[in-house]
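Student: Structure provided below as structure tokens; questions to follow.
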Amino acid sequence: MALDAQTALSLVYPIGLGIAAFGSAVGLGRAVGAAMEATGRQPEASGKILVSMIIGCAFIEALTIYALISIFLAR
Amino acid sequence: MTETTTSLVIGAEIDGAIGRKAAVVASAEVAGHAADKGHESRPPEIPSALDWLATARFAQREYYPFDLTAFNPKTGRTVTIPVRFSIADAIHTYQNQFFTLLLVALTAAILGRRLKRASLRQPGRFQALVELFIEGFRNLVCGVLGEKNGRRYLPYLGSLFLFILLSNLMGLVPFFRSPTSVYQTTFALGVCTFLYVQFTALRRQGPLRYIYHMAGEPRGEGVFMKIFMWGIGVFLLLPLHVLGELIKPISLSLRLFGNILGEDILLGVFAMLGLSLVGLFGLKEPLVGFPLQVPFFFLALLTSVVQALVFALLSMVYFLMVLPHDEEAYR
């Protein structure tokens, strides 16, 4: 099997994507955990906390999405 | 082979739960193996109204100022990769998304027209519903930007939010694709926001103060400190800040594009899975498949709304950062 650029990228992209997903998983876990803790302290503010958590999760998720779409940009 | 796979994934995504068109795509998968033999047997392409629009002379021209040239030092020759694009080609490749874009614009125009006859004393049901959403969004904007600035930039941010929301949701309608699932649309939106924010900064703060802010606001007491701080500001902080400003539209557009395209591909993959599941029961080219992508409609709804909100919210924050700080409203 010849190791040209395309093959090498096909091997390495999933690893890179996995690392990005791992990082965002850690971040999301912390964000959601903090949101749950805040909800536990003040259940009546759960609506606002939910909205803020969703928005924060969108930002964290975007970093993994950048890694994902770099695959489509390379093909 | 990769192109066939990708195109049949993206081709299958949008027919919702029905998946009728996926039969054409499934036969394209069978034909894709035939393509390996060199014979392209795709279903015939029906020209659409957009192709008629693209017959204009200026659209047919190939604009090619973007040739990439590289010098190969080993052989001493210059390699040129021609990058040609024409508007007709772009419209033809993305005709589904373009059509959906026009549809979104038409919907917004019709809605706006209908709401122009809004009455204060006897609001109808539709007007009351729309006012509910607008008031909610207005509270959000004025909460972030303050009352005066909020009202000034609410039209742009509201239009942005509504356009992105409608565009994202169009991907769930059968036979449509979201306009935001191509990078061209989201890049244009990012550039619009970037230009408006920079224009606001230059206009409200003045160009001198703008450069001062970009250089990190250097302050110093003596002459030597002044020169030192300004030196650091201009040579280190200015490029950093400029890069930070330039990356903002790119990150905005990439986030939206990646999320929406990813959602569409997810739906497409599960639709194809449903099709191939029917193939287990005997039919090789099924007309409809199991609607396995239906649970992911809800995820797609959530993602569409959240990404529209995030785009608008980030734009709000960018406006907040360039507006004069002493007029900020504290919540």
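Residue numbering restarts at 1 in every chain; chains get A, B, ... in the order shown in the structure tokens, and ligands count up from 1 in that same order.
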Give the residues of chain A that lie within 8 Å of chain B; count only C-alpha atoms, and format the answer as a list in words.
Tutor: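 Listed by rising number, the hits are Ile54, Ile55, Ala58, Phe59, Ala62, Leu63, Ile65, Tyr66, Leu68 and Ile69 of chain A.
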Student: What's around B:Leu111 at 12 Å? Count only C-alpha atoms, leave out sequence neighbours fewer than 5 positions away in its own chain, and write the answer as a list in words.
Tutor: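 In the requested format, the answer is Val104, Ala105, Leu106, Lys116, Arg117, Ala118, Phe126, Gln127, Val130 and Leu162 of chain B.
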Student: Keeping only C-alpha atoms, write the selected residues as a PDB file, in the first residue's frame.
Tutor:
ATOM      1  CA  VAL B 104     -36.446  32.306   2.010  1.00  0.00           C
ATOM      2  CA  ALA B 105     -36.161  35.847   0.677  1.00  0.00           C
ATOM      3  CA  LEU B 106     -39.630  35.576  -0.822  1.00  0.00           C
ATOM      4  CA  LYS B 116     -46.511  46.397   7.329  1.00  0.00           C
ATOM      5  CA  ARG B 117     -50.208  46.863   7.779  1.00  0.00           C
ATOM      6  CA  ALA B 118     -49.862  46.259  11.498  1.00  0.00           C
ATOM      7  CA  PHE B 126     -50.729  36.661  13.336  1.00  0.00           C
ATOM      8  CA  GLN B 127     -49.534  40.083  14.376  1.00  0.00           C
ATOM      9  CA  VAL B 130     -45.012  37.838  15.577  1.00  0.00           C
ATOM     10  CA  LEU B 162     -34.698  35.403  11.050  1.00  0.00           C
TER      11      LEU B 162
END
Student: Between atom CA of B:Leu320 and atom CA of B:Ser253, measure the distance and give it in Å to one decimal.
Tutor: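 These two atoms are separated by 19.3 Å.
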Student: What does the structure give for the distance between atom CA of B:Thr93 and atom CA of B:Ile81, in Å to one decimal?
Tutor: 20.8 Å
Student: So that I can check the surroundings of A:Lys48, please list as a tab-separated table (two decimals) with N, CA and C atoms, in the first residue's frame every protein, DNA and RNA residue that reaches within 12 Å of it, counting only C-alpha atoms and ignoring chain neighbours fewer than 4 positions away.
Tutor:
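Here's the written file out17.tsv:
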chain	number	residue	atom	x	y	z
A	35	ALA	N	-23.79	23.97	34.85
A	35	ALA	CA	-25.20	24.35	34.70
A	35	ALA	C	-26.08	23.55	35.65
A	38	ALA	N	-25.69	24.88	39.11
A	38	ALA	CA	-26.40	26.14	39.30
A	38	ALA	C	-27.91	25.91	39.40
A	39	THR	N	-28.41	24.97	38.60
A	39	THR	CA	-29.84	24.66	38.69
A	39	THR	C	-30.18	24.06	40.04
A	42	GLN	N	-30.55	26.88	42.50
A	42	GLN	CA	-31.67	27.80	42.34
A	42	GLN	C	-32.59	27.27	41.26
A	43	PRO	N	-33.46	26.35	41.58
A	43	PRO	CA	-34.26	25.69	40.54
A	43	PRO	C	-35.16	26.64	39.75
A	44	GLU	N	-35.51	27.79	40.34
A	44	GLU	CA	-36.43	28.65	39.59
A	44	GLU	C	-35.73	29.38	38.46
A	52	SER	N	-28.42	29.73	28.69
A	52	SER	CA	-26.99	30.06	28.68
A	52	SER	C	-26.14	28.84	28.41
A	53	MET	N	-26.59	27.70	28.95
A	53	MET	CA	-25.81	26.47	28.74
A	53	MET	C	-25.83	26.06	27.28
A	54	ILE	N	-27.01	26.19	26.66
A	54	ILE	CA	-27.10	25.79	25.25
A	54	ILE	C	-26.20	26.67	24.40
A	55	ILE	N	-26.21	27.97	24.69
A	55	ILE	CA	-25.38	28.87	23.89
A	55	ILE	C	-23.91	28.56	24.09
B	140	LEU	N	-33.69	40.57	24.34
B	140	LEU	CA	-32.33	40.02	24.33
B	140	LEU	C	-31.34	41.06	23.83
Student: What lies within 7 Å of B:Ser86 using only C-alpha atoms, ignoring chain neighbours under 6 positions off, as a ChimeraX atom specification?
Tutor: /B:59-63
Student: Go ahead and write the selection's residues with C-alpha atoms as a CSV table (one decimal), in the first residue's frame.
Tutor:
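To be explicit, this is the file written out as out38.csv:
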chain,number,residue,atom,x,y,z
B,59,ALA,CA,-22.7,34.9,-15.9
B,60,GLN,CA,-21.3,32.7,-18.6
B,61,ARG,CA,-17.9,34.4,-18.6
B,62,GLU,CA,-15.1,32.6,-16.8
B,63,TYR,CA,-13.5,34.8,-14.3
Student: So how far away is atom CA of B:Phe224 from atom CA of B:Tyr212, in Å?
Tutor: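 Atom-to-atom, atom CA of B:Tyr212 and atom CA of B:Phe224 are spaced 18.1 Å apart.
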Student: What's the 10 Å shell around A:Ile71, counting only C-alpha atoms, without same-chain residues fewer than 5 positions away, as a list in words?
Tutor: Leu9, Ser10, Tyr13, Pro14, Leu17 and Tyr66 of chain A
Student: Which residue, B:Ala308, B:Leu267, B:Ala109, B:Leu160, has the smallest gap to B:Val173 when you use only C-alpha atoms?
Tutor: B:Leu267
Student: Within 9 Å of B:Leu166, counting only C-alpha atoms, which residues show up once you throw out same-chain ones fewer than 3 positions away? Write them as a compact mmCIF listing (two decimals) with C-alpha atoms, in the first residue's frame, please.
Tutor:
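Result file result_5.txt:
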# COMPACT_ATOMS: atom_id res chain seq x y z
CA VAL B 104 -36.45 32.31 2.01
CA THR B 107 -41.10 34.28 2.43
CA ALA B 108 -39.51 37.06 4.41
CA PHE B 161 -31.52 35.89 13.03
CA LEU B 162 -34.70 35.40 11.05
CA PHE B 163 -32.87 34.76 7.80
CA LEU B 169 -35.06 25.08 8.80
CA MET B 170 -35.48 24.80 5.04
CA SER B 178 -30.46 24.83 3.33
CA SER B 304 -30.94 25.09 13.51
CA ALA B 308 -29.14 31.01 14.39
Student: As a PyMOL selection string, please: the residues near B:Phe98 (cut-off 10 Å, only C-alpha atoms, same-chain neighbours under 2 positions excluded).
Tutor: chain B and resi 50+90-96+100-104+177-180+182+185
Student: Could the residues in this selection be saved with N, CA and C atoms as a short mmCIF file (atom, residue, chain, number, x, y, z; two decimals), in the first residue's frame?
Tutor:
data_model
loop_
_atom_site.label_atom_id
_atom_site.label_comp_id
_atom_site.auth_asym_id
_atom_site.auth_seq_id
_atom_site.Cartn_x
_atom_site.Cartn_y
_atom_site.Cartn_z
N LEU B 50 -33.41 28.35 -12.92
CA LEU B 50 -32.19 29.05 -12.54
C LEU B 50 -31.14 28.93 -13.63
N ALA B 90 -21.52 28.12 -10.81
CA ALA B 90 -21.84 28.14 -9.39
C ALA B 90 -23.34 27.97 -9.18
N ILE B 91 -24.12 28.66 -10.00
CA ILE B 91 -25.57 28.54 -9.85
C ILE B 91 -26.01 27.12 -10.18
N HIS B 92 -25.38 26.52 -11.19
CA HIS B 92 -25.81 25.19 -11.57
C HIS B 92 -25.43 24.16 -10.52
N THR B 93 -24.25 24.32 -9.93
CA THR B 93 -23.84 23.35 -8.92
C THR B 93 -24.71 23.45 -7.68
N TYR B 94 -25.02 24.67 -7.30
CA TYR B 94 -25.75 24.87 -6.06
C TYR B 94 -27.16 25.32 -6.32
N GLN B 95 -27.78 24.78 -7.37
CA GLN B 95 -29.05 25.37 -7.73
C GLN B 95 -30.13 25.11 -6.69
N ASN B 96 -30.05 23.98 -6.00
CA ASN B 96 -31.05 23.73 -4.97
C ASN B 96 -30.95 24.75 -3.86
N THR B 100 -33.59 27.70 -2.78
CA THR B 100 -34.11 27.81 -1.41
C THR B 100 -33.82 29.18 -0.84
N LEU B 101 -32.68 29.74 -1.20
CA LEU B 101 -32.36 31.09 -0.76
C LEU B 101 -33.38 32.08 -1.27
N LEU B 102 -33.72 31.96 -2.55
CA LEU B 102 -34.74 32.84 -3.11
C LEU B 102 -36.07 32.63 -2.42
N LEU B 103 -36.35 31.38 -2.08
CA LEU B 103 -37.59 31.08 -1.39
C LEU B 103 -37.64 31.73 -0.01
N VAL B 104 -36.51 31.68 0.69
CA VAL B 104 -36.45 32.31 2.01
C VAL B 104 -36.66 33.80 1.88
N ARG B 177 -32.66 22.10 0.17
CA ARG B 177 -31.42 22.09 0.93
C ARG B 177 -31.23 23.47 1.51
N SER B 178 -30.66 23.53 2.70
CA SER B 178 -30.46 24.83 3.33
C SER B 178 -29.48 25.66 2.53
N PRO B 179 -29.77 26.91 2.34
CA PRO B 179 -28.76 27.78 1.72
C PRO B 179 -27.52 27.92 2.59
N THR B 180 -27.72 27.74 3.92
CA THR B 180 -26.57 27.88 4.80
C THR B 180 -25.71 26.63 4.82
N VAL B 182 -24.05 25.67 2.32
CA VAL B 182 -22.87 25.91 1.48
C VAL B 182 -22.09 27.04 2.13
N THR B 185 -22.87 31.06 1.37
CA THR B 185 -23.88 31.87 2.04
C THR B 185 -23.39 32.32 3.41
#
Student: May I ask which of the residues A:Ile60, A:Ala8, A:Met1, A:Val51 is the closest one to A:Phe22, counting only C-alpha atoms?
Tutor: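 Smallest distance to A:Phe22 is found for A:Ile60.
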